[in-house]
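Participant: See query-v5.cif below, with mmCIF, C-alpha atoms.
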```
data_coords
#
loop_
_atom_site.label_atom_id
_atom_site.label_comp_id
_atom_site.auth_asym_id
_atom_site.auth_seq_id
_atom_site.Cartn_x
_atom_site.Cartn_y
_atom_site.Cartn_z
CA MET Z 1 7.28 12.93 -28.87
CA SER Z 2 8.69 9.83 -27.17
CA VAL Z 3 6.67 8.15 -24.44
CA PRO Z 4 8.11 8.77 -20.94
CA SER Z 5 8.94 5.85 -18.69
CA VAL Z 6 6.94 6.85 -15.58
CA THR Z 7 3.43 8.18 -15.02
CA TRP Z 8 2.44 9.75 -11.72
CA ILE Z 9 -1.20 9.07 -10.83
CA ILE Z 10 -2.80 11.48 -8.37
CA PRO Z 11 -6.46 11.45 -7.36
CA VAL Z 12 -7.49 14.66 -5.64
CA LEU Z 13 -10.46 16.19 -3.86
CA ASN Z 14 -9.86 19.69 -2.46
CA GLY Z 15 -6.07 19.46 -2.41
CA MET Z 16 -5.37 22.98 -1.21
CA PRO Z 17 -3.24 24.34 0.35
CA PHE Z 18 -0.81 21.41 -0.03
CA LEU Z 19 -1.15 20.70 -3.76
CA PRO Z 20 1.41 23.27 -5.09
CA GLU Z 21 4.15 21.85 -2.86
CA ALA Z 22 3.30 18.31 -3.95
CA LEU Z 23 3.48 19.25 -7.63
CA ASP Z 24 6.72 21.15 -7.09
CA SER Z 25 8.27 18.05 -5.53
CA ILE Z 26 7.51 16.20 -8.77
CA ARG Z 27 9.07 19.02 -10.79
CA ARG Z 28 12.25 18.79 -8.69
CA GLN Z 29 12.81 15.07 -9.30
CA THR Z 30 16.35 14.24 -10.37
CA TYR Z 31 14.83 11.65 -12.72
CA GLN Z 32 12.87 13.68 -15.26
CA ASP Z 33 11.43 11.15 -17.74
CA HIS Z 34 7.86 11.28 -16.45
CA GLU Z 35 4.37 12.69 -16.89
CA VAL Z 36 1.50 13.39 -14.48
CA LEU Z 37 -2.14 12.27 -14.59
CA VAL Z 38 -4.53 13.84 -12.08
CA TRP Z 39 -8.15 12.87 -11.52
CA ASP Z 40 -10.18 15.59 -9.82
CA ASN Z 41 -13.11 14.27 -7.80
CA GLY Z 42 -15.14 17.47 -7.58
CA SER Z 43 -12.83 19.99 -5.89
CA THR Z 44 -14.30 23.35 -4.88
CA ASP Z 45 -11.30 24.98 -3.16
CA GLY Z 46 -9.22 26.27 -6.08
CA THR Z 47 -7.54 22.93 -6.79
CA LEU Z 48 -8.49 23.04 -10.46
CA ASP Z 49 -7.03 26.52 -10.93
CA VAL Z 50 -3.72 25.32 -9.52
CA LEU Z 51 -3.74 22.19 -11.66
CA ARG Z 52 -4.31 24.27 -14.79
CA GLU Z 53 -1.34 26.45 -13.84
CA TRP Z 54 0.91 23.41 -13.54
CA ILE Z 55 -0.31 20.84 -16.07
CA PRO Z 56 0.79 20.75 -18.82
CA LYS Z 57 2.57 24.13 -18.62
CA ARG Z 58 5.13 23.17 -15.97
CA LEU Z 59 4.62 19.42 -15.78
CA PRO Z 60 3.73 17.24 -18.79
CA GLY Z 61 0.48 15.40 -18.34
CA ARG Z 62 -3.28 15.68 -18.19
CA VAL Z 63 -6.00 16.61 -15.72
CA PHE Z 64 -9.33 14.74 -15.78
CA THR Z 65 -12.38 16.66 -14.55
CA GLY Z 66 -16.15 16.48 -14.56
CA GLU Z 67 -16.53 12.88 -13.35
CA PRO Z 68 -16.15 12.62 -9.56
CA LEU Z 69 -15.47 9.06 -8.44
CA SER Z 70 -14.47 7.18 -5.33
CA LEU Z 71 -10.77 6.97 -4.55
CA GLY Z 72 -10.49 3.40 -5.80
CA LEU Z 73 -12.39 4.03 -9.03
CA SER Z 74 -10.54 7.26 -9.82
CA LEU Z 75 -7.24 5.39 -9.40
CA ARG Z 76 -8.57 2.65 -11.67
CA ARG Z 77 -9.44 5.17 -14.38
CA LEU Z 78 -6.03 6.81 -14.08
CA VAL Z 79 -4.28 3.47 -14.56
CA GLU Z 80 -6.40 2.87 -17.66
CA HIS Z 81 -4.94 6.05 -19.17
CA VAL Z 82 -1.32 5.18 -18.36
CA ARG Z 83 0.89 4.53 -21.40
CA THR Z 84 4.21 4.06 -19.61
CA PRO Z 85 5.81 0.88 -18.19
CA LEU Z 86 5.95 2.32 -14.66
CA ILE Z 87 3.35 3.99 -12.42
CA ALA Z 88 4.26 6.22 -9.46
CA ARG Z 89 1.61 6.83 -6.81
CA MET Z 90 1.37 10.04 -4.85
CA ASP Z 91 -1.22 12.00 -2.89
CA ALA Z 92 -1.87 15.70 -3.25
CA ASP Z 93 -0.83 16.51 0.32
CA ASP Z 94 2.51 14.66 0.36
CA ILE Z 95 5.99 15.71 -0.72
CA CYS Z 96 8.44 13.53 -2.66
CA GLU Z 97 12.15 13.76 -1.96
CA PRO Z 98 14.04 14.82 -5.12
CA GLU Z 99 15.74 11.44 -5.50
CA ARG Z 100 12.60 9.35 -5.06
CA LEU Z 101 12.16 8.17 -8.64
CA ALA Z 102 15.88 7.78 -9.26
CA VAL Z 103 16.32 5.52 -6.22
CA GLN Z 104 13.26 3.39 -6.94
CA ILE Z 105 13.97 2.98 -10.66
CA ALA Z 106 17.57 2.00 -9.93
CA HIS Z 107 16.33 -0.63 -7.48
CA MET Z 108 13.85 -2.02 -10.00
CA LYS Z 109 16.58 -2.26 -12.64
CA ARG Z 110 18.64 -4.33 -10.21
CA HIS Z 111 15.59 -6.44 -9.33
CA PRO Z 112 13.38 -6.67 -12.45
CA GLU Z 113 11.30 -9.41 -10.80
CA LEU Z 114 9.67 -6.81 -8.51
CA ALA Z 115 6.11 -5.76 -9.28
CA ALA Z 116 6.31 -2.76 -6.95
CA ILE Z 117 8.66 -0.94 -4.63
CA GLY Z 118 7.62 1.41 -1.85
CA SER Z 119 9.69 3.35 0.66
CA GLU Z 120 9.96 4.51 4.21
CA ARG Z 121 8.59 7.99 4.96
CA THR Z 122 9.30 11.08 6.99
CA SER Z 123 6.12 11.95 8.87
CA ILE Z 124 4.99 15.58 8.84
CA ASP Z 125 2.01 17.48 10.22
CA ALA Z 126 -0.31 19.91 8.42
CA GLU Z 127 2.28 22.69 8.76
CA GLY Z 128 5.08 20.54 7.35
CA HIS Z 129 6.87 19.98 10.65
CA GLU Z 130 8.41 16.58 11.25
CA ILE Z 131 6.61 14.45 13.79
CA GLN Z 132 7.46 11.16 15.45
CA ARG Z 133 6.86 8.13 13.25
CA ARG Z 134 4.05 5.86 14.29
CA SER Z 135 6.07 2.82 13.20
CA LEU Z 136 8.65 1.74 10.65
CA TYR Z 137 7.59 0.11 7.42
CA PRO Z 138 9.15 -3.27 6.55
CA SER Z 139 11.46 -3.30 3.53
CA GLU Z 140 12.16 -7.00 2.92
CA GLU Z 141 9.63 -8.92 0.85
CA ALA Z 142 8.97 -11.65 3.43
CA ASN Z 143 8.34 -9.13 6.21
CA ILE Z 144 6.00 -7.14 3.97
CA ARG Z 145 4.14 -10.35 3.13
CA HIS Z 146 3.82 -11.28 6.82
CA HIS Z 147 2.51 -7.88 7.90
CA THR Z 148 0.05 -7.85 5.00
CA LEU Z 149 -1.74 -10.67 6.82
CA ARG Z 150 -3.20 -7.90 9.00
CA ALA Z 151 -2.89 -4.57 7.19
CA PRO Z 152 -1.40 -2.82 4.15
CA ARG Z 153 2.35 -2.50 4.77
CA LEU Z 154 3.47 -0.87 1.56
CA LEU Z 155 3.03 2.88 1.97
CA HIS Z 156 0.58 3.51 -0.86
CA PRO Z 157 1.63 7.03 -1.97
CA SER Z 158 5.30 5.98 -1.97
CA VAL Z 159 4.98 3.10 -4.43
CA LEU Z 160 6.39 2.66 -7.93
CA MET Z 161 4.60 -0.16 -9.79
CA GLN Z 162 4.86 -2.13 -13.01
CA SER Z 163 1.98 -1.09 -15.28
CA ASP Z 164 1.54 -4.51 -16.87
CA VAL Z 165 1.30 -6.17 -13.45
CA MET Z 166 -1.39 -3.70 -12.39
CA LEU Z 167 -3.52 -4.68 -15.37
CA GLN Z 168 -2.77 -8.39 -14.99
CA ILE Z 169 -4.01 -8.49 -11.37
CA GLY Z 170 -7.16 -6.52 -12.15
CA ASN Z 171 -6.16 -2.90 -11.48
CA TYR Z 172 -7.56 -0.95 -8.53
CA GLN Z 173 -11.04 -1.99 -7.46
CA ASP Z 174 -13.85 -0.60 -5.36
CA HIS Z 175 -16.21 -2.99 -3.62
CA SER Z 176 -17.95 -0.43 -1.47
CA THR Z 177 -21.69 -0.78 -0.96
CA ALA Z 178 -24.50 1.30 0.49
CA GLU Z 179 -24.11 -0.66 3.73
CA TYR Z 180 -20.31 -0.43 3.69
CA PRO Z 181 -19.51 2.84 1.91
CA TYR Z 182 -15.72 2.71 2.38
CA TRP Z 183 -13.31 0.37 0.57
CA CYS Z 184 -9.64 -0.23 1.44
CA GLU Z 185 -8.33 -0.07 -2.12
CA ASP Z 186 -4.65 -0.25 -1.19
CA TYR Z 187 -4.98 -3.31 1.08
CA ASP Z 188 -7.06 -5.09 -1.54
CA LEU Z 189 -4.42 -4.27 -4.16
CA TRP Z 190 -1.48 -5.54 -2.09
CA LEU Z 191 -3.31 -8.76 -1.20
CA ARG Z 192 -3.91 -9.44 -4.89
CA MET Z 193 -0.42 -8.37 -5.95
CA LEU Z 194 1.39 -10.40 -3.29
CA ALA Z 195 -0.67 -13.47 -4.18
CA GLU Z 196 1.27 -13.64 -7.46
CA HIS Z 197 4.20 -11.25 -7.41
CA ARG Z 198 7.17 -9.97 -5.43
CA VAL Z 199 7.48 -6.53 -3.87
CA ALA Z 200 9.97 -4.61 -1.74
CA ALA Z 201 10.46 -1.20 -0.15
CA SER Z 202 13.40 1.12 0.28
CA PRO Z 203 14.39 1.72 3.92
CA GLN Z 204 15.31 5.23 2.80
CA ALA Z 205 12.61 7.83 3.44
CA LEU Z 206 11.67 8.97 -0.08
CA ILE Z 207 8.43 10.75 0.76
CA ARG Z 208 7.32 13.26 3.35
CA TYR Z 209 4.00 11.76 4.39
CA ARG Z 210 1.51 14.24 5.78
CA TYR Z 211 -0.77 13.22 8.63
CA ASN Z 212 -3.54 15.58 7.62
CA LEU Z 213 -6.50 15.48 10.02
CA ALA Z 214 -8.69 16.89 7.28
CA GLY Z 215 -7.60 14.22 4.80
CA VAL Z 216 -9.74 11.31 3.70
CA THR Z 217 -7.53 8.60 5.21
CA GLU Z 218 -7.31 10.20 8.64
CA SER Z 219 -11.05 10.95 8.61
CA VAL Z 220 -11.89 7.35 7.81
CA MET Z 221 -9.58 6.08 10.52
CA ARG Z 222 -11.24 8.32 13.06
CA GLN Z 223 -14.64 6.96 12.07
CA ASN Z 224 -13.32 3.40 12.48
CA LEU Z 225 -14.44 2.45 8.98
CA SER Z 226 -11.03 1.23 7.88
CA ALA Z 227 -11.05 -1.85 10.11
CA ASN Z 228 -14.23 -3.17 8.54
CA ALA Z 229 -12.97 -2.45 5.01
CA LYS Z 230 -9.72 -4.30 5.69
CA ARG Z 231 -11.63 -7.30 6.99
CA ARG Z 232 -13.77 -7.40 3.84
CA ALA Z 233 -10.69 -7.14 1.60
CA TRP Z 234 -9.04 -9.97 3.57
CA LEU Z 235 -12.06 -12.23 3.14
CA MET Z 236 -12.20 -11.55 -0.60
CA ASN Z 237 -8.53 -12.44 -1.06
CA CYS Z 238 -7.77 -14.93 1.72
CA GLU Z 239 -7.49 -17.96 -0.55
CA ALA Z 240 -5.20 -16.46 -3.19
CA PHE Z 241 -3.04 -14.59 -0.70
CA ALA Z 242 -2.89 -16.93 2.30
CA GLY Z 243 -4.19 -20.25 0.97
CA ILE Z 244 -7.28 -20.27 3.23
CA ARG Z 245 -10.12 -21.72 1.16
CA SER Z 246 -12.86 -21.39 3.77
CA LYS Z 247 -14.08 -17.83 4.25
CA SER Z 248 -15.63 -18.95 7.54
CA VAL Z 249 -12.22 -20.06 8.82
CA ALA Z 250 -10.62 -16.86 7.49
CA ALA Z 251 -13.26 -14.73 9.23
CA ARG Z 252 -12.86 -16.50 12.56
CA LEU Z 253 -9.08 -16.23 12.30
CA TRP Z 254 -9.29 -12.50 11.58
CA ASP Z 255 -11.76 -11.97 14.43
CA ARG Z 256 -9.68 -14.05 16.89
CA ARG Z 257 -12.48 -16.58 17.27
CA LEU Z 258 -10.80 -19.68 15.86
CA PHE Z 259 -10.78 -22.52 18.41
CA LEU Z 260 -7.31 -23.77 17.39
CA ALA Z 261 -5.29 -21.54 15.05
CA MET Z 262 -2.13 -23.65 14.79
CA PRO Z 263 -3.15 -25.72 11.71
CA VAL Z 264 -4.25 -22.59 9.82
CA ILE Z 265 -1.04 -20.74 10.67
CA LEU Z 266 1.03 -23.68 9.45
CA GLY Z 267 -1.09 -23.74 6.30
CA ILE Z 268 -0.33 -20.08 5.68
CA ALA Z 269 3.40 -20.75 6.15
CA ARG Z 270 3.26 -23.59 3.60
CA HIS Z 271 1.33 -21.41 1.15
CA PHE Z 272 3.86 -18.60 1.50
CA GLN Z 273 6.70 -21.08 0.89
CA ARG Z 274 5.30 -21.67 -2.59
CA ARG Z 275 5.42 -17.92 -3.19
CA ASP Z 276 8.88 -16.97 -1.88
CA GLY Z 277 10.73 -20.22 -1.23
CA ILE Z 278 11.19 -19.70 2.53
CA THR Z 279 10.62 -23.03 4.27
CA VAL Z 280 8.03 -23.43 6.99
CA SER Z 281 10.69 -24.07 9.63
CA ASP Z 282 12.67 -20.98 8.60
CA ARG Z 283 9.54 -18.84 8.50
CA LEU Z 284 8.61 -19.91 12.00
CA GLN Z 285 11.97 -18.50 13.08
CA MET Z 286 11.06 -15.04 11.73
CA SER Z 287 9.67 -12.71 14.36
CA SER Z 288 7.55 -10.80 11.83
CA PHE Z 289 5.59 -13.98 11.04
CA VAL Z 290 5.35 -15.12 14.68
CA ARG Z 291 4.19 -11.68 15.82
CA ILE Z 292 1.42 -11.48 13.24
CA ALA Z 293 0.39 -15.06 13.97
CA GLN Z 294 0.04 -14.15 17.64
CA SER Z 295 -2.33 -11.34 16.69
CA TYR Z 296 -4.82 -13.95 15.43
CA LEU Z 297 -5.15 -15.92 18.65
CA ARG Z 298 -8.14 -16.06 20.94
CA ARG Z 299 -7.35 -15.98 24.63
CA GLU Z 300 -8.45 -19.57 25.16
CA ASP Z 301 -6.22 -21.00 22.41
CA LEU Z 302 -3.55 -22.10 24.87
CA ILE Z 303 -1.97 -24.72 22.62
CA THR Z 304 -1.17 -22.25 19.85
CA ARG Z 305 -0.16 -19.57 22.36
CA ILE Z 306 2.36 -21.85 24.05
CA TRP Z 307 3.69 -23.05 20.70
CA LEU Z 308 4.22 -19.51 19.39
CA ARG Z 309 5.65 -18.36 22.72
CA MET Z 310 8.25 -21.10 22.53
CA LEU Z 311 9.13 -20.03 19.01
CA SER Z 312 9.37 -16.36 19.97
CA ARG Z 313 11.82 -17.16 22.77
CA LYS Z 314 14.19 -18.67 20.21
CA LEU Z 315 14.26 -15.47 18.16
CA ASN Z 316 17.27 -13.29 18.75
CA THR Z 317 16.73 -10.18 16.63
CA PRO Z 318 13.22 -8.66 16.24
CA GLU Z 319 12.17 -7.83 12.72
CA THR Z 320 11.25 -4.28 11.75
CA GLU Z 321 7.64 -3.40 12.47
#
```
In structure tokens, write the structure found in this file.

Facilitator:
Amino acid sequence: MSVPSVTWIIPVLNGMPFLPEALDSIRRQTYQDHEVLVWDNGSTDGTLDVLREWIPKRLPGRVFTGEPLSLGLSLRRLVEHVRTPLIARMDADDICEPERLAVQIAHMKRHPELAAIGSERTSIDAEGHEIQRRSLYPSEEANIRHHTLRAPRLLHPSVLMQSDVMLQIGNYQDHSTAEYPYWCEDYDLWLRMLAEHRVAASPQALIRYRYNLAGVTESVMRQNLSANAKRRAWLMNCEAFAGIRSKSVAARLWDRRLFLAMPVILGIARHFQRRDGITVSDRLQMSSFVRIAQSYLRREDLITRIWLRMLSRKLNTPETE
């Protein structure tokens, strides 16, 4: 049998009752050259029975069981088993629109320099009803890069990625510890990927993203563990991503404790210029960069505040959040 071009990777822990709908959305893709790899992390709610009904009987692929891992490490193991040039991420409680793969693959064919492409989402609740979006995701590479200074701004379960790039940048990682038991594997991945590669996102909503209060992501957010994990990922990758060699400076910038942030912000703009070719002066005219830069400032940093305020007044059209 020929090797398909796309592998879906899905880590799961107690994916019921949403899992069948998620798998069915893969089955209904208009682009059909794909297989599915699922890593079960110790489900006890009937998830395995459903997976055995679907894979490989209704969807080609494989289910890995008997070795529960963290989210980051289970994703890493799944990538290690991928044999296709493209990897599609998805979670067990989300729903892909039928044209998701077709749209993303077509975009990558037009832009082969891209390492990954995500998409906008339609937000739904546990019952599948549409809810108001919390914000829009940026689609242009520069805006994604700017927002990644503070948080992951590629919607992780919407992303299609180049397999060889994933291996080249070190795959998914997990740097959790006993003291800090949660790791922000997607933010860490985007920081490392954007340090060397280009990405984009479709403004078209290609996934129905479920805000599931029982889900891992929502639970972690409620416990306020995500903020600490993002800070640790930032400090590990600040030099490669933003050109900040001193972790002390990077920490104080992140914590809004830097006495004068202007030189560091200009340094970031110069570093980004080497990545995407946008000059420092042009970048300082982009509201996405100015807005994120303002989020770093301590109250007493009046020089940088006045400077950025003057820049922001020159901006005519706000960038997408």

Participant: Carefully work through the PyMOL selection byres ((chain Z and resi 140-145) around 8) for this structure and note down the residues it includes, as a list in words.

Facilitator: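 Checking the PyMOL selection byres ((chain Z and resi 140-145) around 8) against this file, the residues are Pro138, Ser139, His146, His147, Thr148, Leu149, Arg153, Leu154, Leu194, Arg198, Val199, Ala200, Ala201, Asp276, Ser288, Phe289, Glu319 and Thr320 of chain Z.
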
Participant: On this file, the PyMOL selection byres ((chain Z and resi 247) around 12) gives some set of residues; write that set as a list in words.

Facilitator: Arg231, Arg232, Ala233, Trp234, Leu235, Met236, Asn237, Cys238, Glu239, Ala240, Ala242, Gly243, Ile244, Arg245, Ser246, Ser248, Val249, Ala250, Ala251, Arg252, Leu253, Trp254 and Asp255 of chain Z

Participant: Report as a compact mmCIF listing (two decimals) with C-alpha atoms, keeping the file's coordinate frame the full result of the PyMOL selection byres ((chain Z and resi 164-181) around 10) when it is applied to this structure.

Facilitator:
```
# COMPACT_ATOMS: atom_id res chain seq x y z
CA SER Z 70 -14.47 7.18 -5.33
CA LEU Z 71 -10.77 6.97 -4.55
CA GLY Z 72 -10.49 3.40 -5.80
CA LEU Z 73 -12.39 4.03 -9.03
CA SER Z 74 -10.54 7.26 -9.82
CA LEU Z 75 -7.24 5.39 -9.40
CA ARG Z 76 -8.57 2.65 -11.67
CA ARG Z 77 -9.44 5.17 -14.38
CA LEU Z 78 -6.03 6.81 -14.08
CA VAL Z 79 -4.28 3.47 -14.56
CA GLU Z 80 -6.40 2.87 -17.66
CA THR Z 84 4.21 4.06 -19.61
CA PRO Z 85 5.81 0.88 -18.19
CA LEU Z 86 5.95 2.32 -14.66
CA ILE Z 87 3.35 3.99 -12.42
CA LEU Z 114 9.67 -6.81 -8.51
CA ALA Z 115 6.11 -5.76 -9.28
CA ALA Z 116 6.31 -2.76 -6.95
CA MET Z 161 4.60 -0.16 -9.79
CA GLN Z 162 4.86 -2.13 -13.01
CA SER Z 163 1.98 -1.09 -15.28
CA TYR Z 182 -15.72 2.71 2.38
CA TRP Z 183 -13.31 0.37 0.57
CA CYS Z 184 -9.64 -0.23 1.44
CA GLU Z 185 -8.33 -0.07 -2.12
CA ASP Z 186 -4.65 -0.25 -1.19
CA ASP Z 188 -7.06 -5.09 -1.54
CA LEU Z 189 -4.42 -4.27 -4.16
CA TRP Z 190 -1.48 -5.54 -2.09
CA ARG Z 192 -3.91 -9.44 -4.89
CA MET Z 193 -0.42 -8.37 -5.95
CA LEU Z 194 1.39 -10.40 -3.29
CA ALA Z 195 -0.67 -13.47 -4.18
CA GLU Z 196 1.27 -13.64 -7.46
CA HIS Z 197 4.20 -11.25 -7.41
CA LEU Z 225 -14.44 2.45 8.98
CA ASN Z 228 -14.23 -3.17 8.54
CA ALA Z 229 -12.97 -2.45 5.01
CA ARG Z 232 -13.77 -7.40 3.84
CA ALA Z 233 -10.69 -7.14 1.60
CA MET Z 236 -12.20 -11.55 -0.60
```

Participant: Might you pull out every residue within 10 Å of Met16 (chain Z), with all atoms listed in the file counted and same-chain residues fewer than 2 positions away left off, and present them as a PyMOL selection string?

Facilitator: chain Z and resi 12-14+18-21+43-48+50+92-93

Participant: So what do you get for CA of Arg210 (chain Z) versus CA of Val36 (chain Z), distance-wise?

Facilitator: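 Answer for the CA of Arg210 (chain Z) to CA of Val36 (chain Z) separation: 20.3 Å.
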
Participant: Counting all atoms listed in the file, which residue out of Z:Ala261, Z:Ile124, Z:Ile207, Z:Val6 sits closest to His156 (chain Z)?

Facilitator: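 Checking each candidate against His156 (chain Z), we get Z:Ile207 as the closest.
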
Participant: CA of Asp40 (chain Z) and CA of Ser158 (chain Z), how far apart in Å?

Facilitator: 19.8 Å

Participant: Fewer than 2 positions away in the same chain doesn't count, so skip those; otherwise give me all residues within 6 Å of Gly61 (chain Z), counting all atoms listed in the file, as a ChimeraX atom specification.

Facilitator: /Z:35-37,55-56

Participant: Please determine, counting all atoms listed in the file, which residue among Z:Pro152, Z:Pro157, Z:Pro263, Z:Pro11 has the shortest atom-to-atom distance to Arg121 (chain Z).

Facilitator: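 Smallest separation from Arg121 (chain Z) among the options: Z:Pro157.
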
Participant: Quick one, how far is CA of Asp125 (chain Z) from CA of Tyr211 (chain Z)?

Facilitator: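 If I compute the distance from CA of Asp125 (chain Z) to CA of Tyr211 (chain Z), I get 5.3 Å.
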
Participant: Gln294 (chain Z): which residues within 10 Å, counting all atoms listed in the file, same-chain residues fewer than 4 positions away excluded, as a list in words?

Facilitator: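 Everything that qualifies: Arg256, Ala261, Ile265, Phe289, Val290, Arg298, Thr304, Arg305, Leu308, Arg309 and Ser312 of chain Z.
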
Participant: The residues within 7 Å of (1.7, 6.6, -10.2), using only C-alpha atoms and the coordinates of the file, should be reported as a list in words; which are they?

Facilitator: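 Applying the cut-off with only C-alpha atoms, one gets Thr7, Trp8, Ile9, Ile10, Ile87, Ala88, Arg89, Met90 and Leu160 of chain Z.
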
Participant: Taking into account all atoms listed in the file, which residue in the set Z:Arg208, Z:Asn224, Z:Met310, Z:Ile268 is nearest to Cys96 (chain Z)?

Facilitator: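 Ranked by minimum distance to Cys96 (chain Z), first place goes to Z:Arg208.
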
Participant: Restricting the calculation to all atoms listed in the file: of Z:Val38, Z:Phe241, Z:Ile117, Z:Tyr209, which residue gets closest to His129 (chain Z)?

Facilitator: Z:Tyr209
